[in-house]
Amino acid sequence: MPVKKEVLGILRRCDVFLGLTDDELSKISALPSCQVRLYKAGQVLFREEEEAETLYIVVEGRVLLTMKMLVGTKIQEEVVDAITKGSILGWASLVVPHTFTFNARCLIPSKLLSIKGSELLQFLNKEPYIGYEVTKSILRVSSSRLRDVQRLLLSNKIQRTP
């Protein structure tokens, strides 16, 4: 399958780009940094508090999101979510202060689409309708993940990092 067609298909299935037309998705797929890459099991994509530069979409595989939490009297890295096909991570690359709030590590070999956040932001500023739709979706995703973390904390069902 040609790369551009593959990228277009990935964007169509991504929770943040649902509802955009093929023409709008084609513009995003044409961004120079928009690339599909393979990652090994255990490979770290980013760490909590690092500068957020890249938005990722999971094409295949599973990426664990973890963060430091106080458990009892100890600060430990705990699993807060597992990101799978069609979902994004690294949305902090589009939102000031552009700092990651989680750690992200591939649990199994994974295929991800990556887009440089600054490049996508520049595009979204030039295309305000698309920017508005993407922003609404990012807010939905971030709100959902915050609720997941809250439920985890309230249920005391925190998982140890594998």
# chains A, B, ... in the order shown; residues from 1 in each chain; ligands from 1
>>> residues_around(residues="Lys4 of chain A", least_positions_apart="6", cutoff="10 Å", atoms="only C-alpha atoms", output="VMD selection string")
chain A and resid 10 26 29 to 30 34 to 35
>>> residues_around(residues="segment 128-130 of chain A", least_positions_apart="4", cutoff="8 Å", atoms="only C-alpha atoms", output="short mmCIF file (atom, residue, chain, number, x, y, z; two decimals) with C-alpha atoms, in the first residue's frame")
data_model
loop_
_atom_site.label_atom_id
_atom_site.label_comp_id
_atom_site.auth_asym_id
_atom_site.auth_seq_id
_atom_site.Cartn_x
_atom_site.Cartn_y
_atom_site.Cartn_z
CA LEU A 20 -12.69 15.29 9.10
CA GLU A 24 -8.75 17.68 5.22
CA LEU A 124 -4.10 23.95 12.46
CA VAL A 134 -9.09 18.61 16.39
#
>>> atom_distance(atom1="atom CA of Val71 of chain A", atom2="atom CA of Ser143 of chain A")
23.1 Å
>>> closest_residue(among="A:Lys68, A:Arg62, A:Lys27, A:Arg147", to="Phe102 of chain A", atoms="only C-alpha atoms")
A:Lys68
>>> residues_around(residues="Asp81 of chain A", least_positions_apart="3", cutoff="9 Å", atoms="only C-alpha atoms", output="list of chain:residue names")
A:Val63, A:Leu64, A:Leu65, A:Thr66, A:Arg145, A:Asp148, A:Val149
>>> residues_around(residues="Ile138 of chain A", least_positions_apart="5", cutoff="9 Å", atoms="only C-alpha atoms", output="number ranges by chain")
A: 15-16, 88, 91, 133, 143
>>> select_by_dssp(residues="segment 80-152 of chain A", states="helix (DSSP H, G or I)", output="PyMOL selection string")
chain A and resi 91-94+117-126+128-152
>>> write_last_selection(atoms="N, CA and C atoms", output="CSV table (one decimal), in the first residue's frame")
chain,number,residue,atom,x,y,z
A,91,TRP,N,-0.5,14.3,23.0
A,91,TRP,CA,-1.2,15.5,22.6
A,91,TRP,C,-0.7,16.8,23.3
A,92,ALA,N,0.2,16.6,24.3
A,92,ALA,CA,0.8,17.8,25.0
A,92,ALA,C,1.7,18.5,24.0
A,93,SER,N,2.1,17.9,22.9
A,93,SER,CA,2.9,18.6,21.9
A,93,SER,C,2.1,19.7,21.2
A,94,LEU,N,0.7,19.7,21.4
A,94,LEU,CA,-0.1,20.7,20.8
A,94,LEU,C,-0.7,21.7,21.8
A,117,GLY,N,4.6,18.1,16.6
A,117,GLY,CA,3.6,18.9,17.1
A,117,GLY,C,3.6,20.3,16.6
A,118,SER,N,4.8,20.9,16.5
A,118,SER,CA,4.9,22.3,16.1
A,118,SER,C,4.4,22.5,14.6
A,119,GLU,N,4.7,21.5,13.8
A,119,GLU,CA,4.3,21.5,12.4
A,119,GLU,C,2.7,21.4,12.3
A,120,LEU,N,2.2,20.4,13.1
A,120,LEU,CA,0.7,20.3,13.1
A,120,LEU,C,0.0,21.5,13.6
A,121,LEU,N,0.6,22.1,14.7
A,121,LEU,CA,0.0,23.3,15.2
A,121,LEU,C,0.0,24.4,14.2
A,122,GLN,N,1.1,24.6,13.5
A,122,GLN,CA,1.2,25.6,12.5
A,122,GLN,C,0.1,25.4,11.4
A,123,PHE,N,-0.1,24.2,11.0
A,123,PHE,CA,-1.2,23.8,10.0
A,123,PHE,C,-2.5,24.1,10.6
A,124,LEU,N,-2.8,23.7,11.9
A,124,LEU,CA,-4.1,24.0,12.5
A,124,LEU,C,-4.4,25.4,12.6
A,125,ASN,N,-3.4,26.3,12.8
A,125,ASN,CA,-3.6,27.7,12.9
A,125,ASN,C,-4.0,28.3,11.6
A,126,LYS,N,-3.5,27.7,10.5
A,126,LYS,CA,-3.8,28.2,9.1
A,126,LYS,C,-5.2,27.6,8.7
A,128,PRO,N,-8.4,27.1,10.6
A,128,PRO,CA,-9.1,27.2,11.8
A,128,PRO,C,-10.3,26.2,12.1
A,129,TYR,N,-11.0,25.8,11.0
A,129,TYR,CA,-12.1,24.9,11.2
A,129,TYR,C,-11.5,23.5,11.6
A,130,ILE,N,-10.5,23.1,10.9
A,130,ILE,CA,-9.8,21.8,11.3
A,130,ILE,C,-9.2,21.9,12.7
A,131,GLY,N,-8.6,23.0,12.9
A,131,GLY,CA,-8.0,23.2,14.3
A,131,GLY,C,-9.1,23.1,15.4
A,132,TYR,N,-10.2,23.7,15.1
A,132,TYR,CA,-11.3,23.7,16.1
A,132,TYR,C,-11.8,22.2,16.3
A,133,GLU,N,-12.0,21.5,15.2
A,133,GLU,CA,-12.5,20.1,15.4
A,133,GLU,C,-11.4,19.2,16.1
A,134,VAL,N,-10.1,19.4,15.7
A,134,VAL,CA,-9.1,18.6,16.4
A,134,VAL,C,-9.0,19.0,17.9
A,135,THR,N,-9.1,20.3,18.2
A,135,THR,CA,-9.0,20.7,19.6
A,135,THR,C,-10.2,20.1,20.4
A,136,LYS,N,-11.4,20.1,19.9
A,136,LYS,CA,-12.5,19.5,20.6
A,136,LYS,C,-12.2,18.0,20.9
A,137,SER,N,-11.6,17.3,19.9
A,137,SER,CA,-11.3,15.9,20.1
A,137,SER,C,-10.2,15.7,21.1
A,138,ILE,N,-9.2,16.5,21.1
A,138,ILE,CA,-8.1,16.4,22.1
A,138,ILE,C,-8.7,16.7,23.5
A,139,LEU,N,-9.5,17.6,23.6
A,139,LEU,CA,-10.2,17.9,24.9
A,139,LEU,C,-10.9,16.7,25.4
A,140,ARG,N,-11.7,16.0,24.5
A,140,ARG,CA,-12.4,14.8,24.9
A,140,ARG,C,-11.5,13.7,25.3
A,141,VAL,N,-10.4,13.5,24.6
A,141,VAL,CA,-9.4,12.5,24.9
A,141,VAL,C,-8.7,12.8,26.3
A,142,SER,N,-8.3,14.0,26.5
A,142,SER,CA,-7.6,14.4,27.7
A,142,SER,C,-8.5,14.3,28.9
A,143,SER,N,-9.8,14.7,28.7
A,143,SER,CA,-10.8,14.6,29.8
A,143,SER,C,-11.0,13.1,30.1
A,144,SER,N,-11.1,12.3,29.2
A,144,SER,CA,-11.4,10.9,29.4
A,144,SER,C,-10.2,10.2,30.2
A,145,ARG,N,-9.0,10.6,29.8
A,145,ARG,CA,-7.8,10.1,30.5
A,145,ARG,C,-7.7,10.6,31.9
A,146,LEU,N,-8.1,11.8,32.1
A,146,LEU,CA,-8.1,12.3,33.5
A,146,LEU,C,-9.1,11.6,34.3
A,147,ARG,N,-10.3,11.3,33.8
A,147,ARG,CA,-11.3,10.5,34.5
A,147,ARG,C,-10.8,9.1,34.8
A,148,ASP,N,-10.1,8.5,33.9
A,148,ASP,CA,-9.5,7.2,34.1
A,148,ASP,C,-8.5,7.2,35.3
A,149,VAL,N,-7.7,8.2,35.3
A,149,VAL,CA,-6.7,8.4,36.4
A,149,VAL,C,-7.5,8.6,37.8
A,150,GLN,N,-8.5,9.4,37.7
A,150,GLN,CA,-9.3,9.6,39.0
A,150,GLN,C,-9.9,8.4,39.5
A,151,ARG,N,-10.5,7.6,38.5
A,151,ARG,CA,-11.2,6.3,38.9
A,151,ARG,C,-10.1,5.4,39.5
A,152,LEU,N,-9.0,5.3,38.9
A,152,LEU,CA,-7.9,4.5,39.4
A,152,LEU,C,-7.5,4.8,40.8
>>> closest_residue(among="A:Glu127, A:Ser114, A:Arg105, A:Val79", to="Thr54 of chain A", atoms="only C-alpha atoms")
A:Ser114
>>> closest_residue(among="A:Glu53, A:Glu48, A:Glu60, A:Asp22", to="Gly9 of chain A", atoms="only C-alpha atoms")
A:Asp22
>>> residues_around(residues="Gly86 of chain A", least_positions_apart="2", cutoff="7 Å", atoms="only C-alpha atoms", output="MDAnalysis selection string")
chainID A and resid 13:15 57:59 84 88
>>> closest_residue(among="A:Ser87, A:Glu51, A:Phe100, A:Val36", to="Arg12 of chain A", atoms="only C-alpha atoms")
A:Ser87
>>> atom_distance(atom1="atom CA of Glu50 of chain A", atom2="atom CA of Ile83 of chain A")
19.3 Å
>>> atom_distance(atom1="atom CA of Ala41 of chain A", atom2="atom CA of Pro109 of chain A")
4.5 Å
>>> closest_residue(among="A:Ile28, A:Leu89, A:Val96, A:Phe17", to="Leu55 of chain A", atoms="only C-alpha atoms")
A:Leu89
>>> select_by_dssp(residues="segment 9-162 of chain A", states="strand (DSSP E)", output="NGL selection string")
:A and (35-39 or 44-46 or 54-60 or 63-71 or 74-83 or 88-89 or 103-106 or 110-116 or 159-160)
>>> residues_around(residues="Leu38 of chain A", least_positions_apart="6", cutoff="8 Å", atoms="only C-alpha atoms", output="VMD selection string")
chain A and resid 109 to 112
>>> decode(residues="segment 24-119 of chain A", atoms="C-alpha atoms", output="PDB file, in the first residue's frame")
ATOM      1  CA  GLU A  24      -8.750  17.682   5.216  1.00  0.00           C
ATOM      2  CA  LEU A  25      -6.984  14.464   6.248  1.00  0.00           C
ATOM      3  CA  SER A  26      -4.908  14.553   3.043  1.00  0.00           C
ATOM      4  CA  LYS A  27      -3.566  17.953   4.058  1.00  0.00           C
ATOM      5  CA  ILE A  28      -2.468  16.535   7.407  1.00  0.00           C
ATOM      6  CA  SER A  29      -0.944  13.430   5.785  1.00  0.00           C
ATOM      7  CA  ALA A  30       1.106  15.734   3.518  1.00  0.00           C
ATOM      8  CA  LEU A  31       2.919  17.332   6.464  1.00  0.00           C
ATOM      9  CA  PRO A  32       6.656  16.551   6.070  1.00  0.00           C
ATOM     10  CA  SER A  33       7.038  15.038   9.548  1.00  0.00           C
ATOM     11  CA  CYS A  34       4.026  12.693   9.177  1.00  0.00           C
ATOM     12  CA  GLN A  35       5.706   9.250   9.199  1.00  0.00           C
ATOM     13  CA  VAL A  36       4.953   5.675  10.151  1.00  0.00           C
ATOM     14  CA  ARG A  37       7.638   4.133  12.342  1.00  0.00           C
ATOM     15  CA  LEU A  38       8.228   0.822  14.083  1.00  0.00           C
ATOM     16  CA  TYR A  39       9.123   0.644  17.775  1.00  0.00           C
ATOM     17  CA  LYS A  40      10.456  -2.272  19.817  1.00  0.00           C
ATOM     18  CA  ALA A  41       8.850  -3.706  22.938  1.00  0.00           C
ATOM     19  CA  GLY A  42      10.128  -1.702  25.892  1.00  0.00           C
ATOM     20  CA  GLN A  43      11.064   1.318  23.795  1.00  0.00           C
ATOM     21  CA  VAL A  44      10.319   4.596  25.568  1.00  0.00           C
ATOM     22  CA  LEU A  45       8.545   7.226  23.477  1.00  0.00           C
ATOM     23  CA  PHE A  46       8.677   9.986  26.081  1.00  0.00           C
ATOM     24  CA  ARG A  47       8.978  10.664  29.778  1.00  0.00           C
ATOM     25  CA  GLU A  48       6.960  12.685  32.241  1.00  0.00           C
ATOM     26  CA  GLU A  49       8.071  16.342  32.404  1.00  0.00           C
ATOM     27  CA  GLU A  50      10.052  16.189  29.126  1.00  0.00           C
ATOM     28  CA  GLU A  51       9.357  18.731  26.413  1.00  0.00           C
ATOM     29  CA  ALA A  52       6.534  17.429  24.231  1.00  0.00           C
ATOM     30  CA  GLU A  53       7.510  17.575  20.572  1.00  0.00           C
ATOM     31  CA  THR A  54       5.634  14.737  18.873  1.00  0.00           C
ATOM     32  CA  LEU A  55       2.053  13.538  18.536  1.00  0.00           C
ATOM     33  CA  TYR A  56       1.705   9.767  18.076  1.00  0.00           C
ATOM     34  CA  ILE A  57      -1.122   7.619  16.744  1.00  0.00           C
ATOM     35  CA  VAL A  58      -1.056   3.907  17.520  1.00  0.00           C
ATOM     36  CA  VAL A  59      -1.409   1.948  14.281  1.00  0.00           C
ATOM     37  CA  GLU A  60      -0.600  -1.480  15.746  1.00  0.00           C
ATOM     38  CA  GLY A  61       0.588  -2.525  19.168  1.00  0.00           C
ATOM     39  CA  ARG A  62       0.094  -1.310  22.697  1.00  0.00           C
ATOM     40  CA  VAL A  63       1.661   1.634  24.520  1.00  0.00           C
ATOM     41  CA  LEU A  64       1.556   1.938  28.298  1.00  0.00           C
ATOM     42  CA  LEU A  65       1.056   5.330  29.894  1.00  0.00           C
ATOM     43  CA  THR A  66       2.532   5.543  33.369  1.00  0.00           C
ATOM     44  CA  MET A  67       3.121   8.291  35.882  1.00  0.00           C
ATOM     45  CA  LYS A  68       4.709   8.824  39.265  1.00  0.00           C
ATOM     46  CA  MET A  69       2.173   8.490  42.071  1.00  0.00           C
ATOM     47  CA  LEU A  70       2.264   8.436  45.824  1.00  0.00           C
ATOM     48  CA  VAL A  71       1.306   4.919  46.899  1.00  0.00           C
ATOM     49  CA  GLY A  72       1.234   4.662  50.665  1.00  0.00           C
ATOM     50  CA  THR A  73       4.402   6.479  51.633  1.00  0.00           C
ATOM     51  CA  LYS A  74       6.362   5.767  48.435  1.00  0.00           C
ATOM     52  CA  ILE A  75       6.441   7.457  45.053  1.00  0.00           C
ATOM     53  CA  GLN A  76       6.153   4.775  42.383  1.00  0.00           C
ATOM     54  CA  GLU A  77       5.629   4.609  38.642  1.00  0.00           C
ATOM     55  CA  GLU A  78       2.126   3.257  38.051  1.00  0.00           C
ATOM     56  CA  VAL A  79       0.229   2.221  34.909  1.00  0.00           C
ATOM     57  CA  VAL A  80      -2.639   4.610  34.228  1.00  0.00           C
ATOM     58  CA  ASP A  81      -3.686   3.526  30.734  1.00  0.00           C
ATOM     59  CA  ALA A  82      -2.856   1.301  27.775  1.00  0.00           C
ATOM     60  CA  ILE A  83      -3.186   2.984  24.387  1.00  0.00           C
ATOM     61  CA  THR A  84      -4.140   0.822  21.416  1.00  0.00           C
ATOM     62  CA  LYS A  85      -5.037   1.087  17.729  1.00  0.00           C
ATOM     63  CA  GLY A  86      -6.506   4.405  16.603  1.00  0.00           C
ATOM     64  CA  SER A  87      -5.726   6.355  19.765  1.00  0.00           C
ATOM     65  CA  ILE A  88      -3.305   9.218  20.248  1.00  0.00           C
ATOM     66  CA  LEU A  89      -0.640  10.018  22.751  1.00  0.00           C
ATOM     67  CA  GLY A  90       1.598  13.019  23.001  1.00  0.00           C
ATOM     68  CA  TRP A  91      -1.245  15.523  22.642  1.00  0.00           C
ATOM     69  CA  ALA A  92       0.796  17.760  24.967  1.00  0.00           C
ATOM     70  CA  SER A  93       2.868  18.610  21.874  1.00  0.00           C
ATOM     71  CA  LEU A  94      -0.139  20.707  20.768  1.00  0.00           C
ATOM     72  CA  VAL A  95      -0.942  22.333  24.126  1.00  0.00           C
ATOM     73  CA  VAL A  96       1.033  24.912  26.110  1.00  0.00           C
ATOM     74  CA  PRO A  97       3.270  24.352  28.106  1.00  0.00           C
ATOM     75  CA  HIS A  98       4.206  21.461  25.747  1.00  0.00           C
ATOM     76  CA  THR A  99       5.285  19.185  28.591  1.00  0.00           C
ATOM     77  CA  PHE A 100       4.440  15.493  28.924  1.00  0.00           C
ATOM     78  CA  THR A 101       2.388  14.526  31.967  1.00  0.00           C
ATOM     79  CA  PHE A 102       2.884  10.774  31.487  1.00  0.00           C
ATOM     80  CA  ASN A 103       5.610   8.332  30.496  1.00  0.00           C
ATOM     81  CA  ALA A 104       4.943   6.280  27.356  1.00  0.00           C
ATOM     82  CA  ARG A 105       6.540   2.920  26.628  1.00  0.00           C
ATOM     83  CA  CYS A 106       5.718   0.275  24.035  1.00  0.00           C
ATOM     84  CA  LEU A 107       4.534  -2.873  25.780  1.00  0.00           C
ATOM     85  CA  ILE A 108       4.883  -4.947  22.595  1.00  0.00           C
ATOM     86  CA  PRO A 109       6.419  -4.207  19.184  1.00  0.00           C
ATOM     87  CA  SER A 110       4.328  -1.317  17.882  1.00  0.00           C
ATOM     88  CA  LYS A 111       3.729   0.654  14.715  1.00  0.00           C
ATOM     89  CA  LEU A 112       3.003   4.349  15.254  1.00  0.00           C
ATOM     90  CA  LEU A 113       2.342   7.363  13.092  1.00  0.00           C
ATOM     91  CA  SER A 114       4.269  10.370  14.364  1.00  0.00           C
ATOM     92  CA  ILE A 115       3.729  14.038  13.550  1.00  0.00           C
ATOM     93  CA  LYS A 116       5.856  16.897  14.813  1.00  0.00           C
ATOM     94  CA  GLY A 117       3.586  18.910  17.131  1.00  0.00           C
ATOM     95  CA  SER A 118       4.871  22.335  16.077  1.00  0.00           C
ATOM     96  CA  GLU A 119       4.270  21.492  12.415  1.00  0.00           C
TER      97      GLU A 119
END
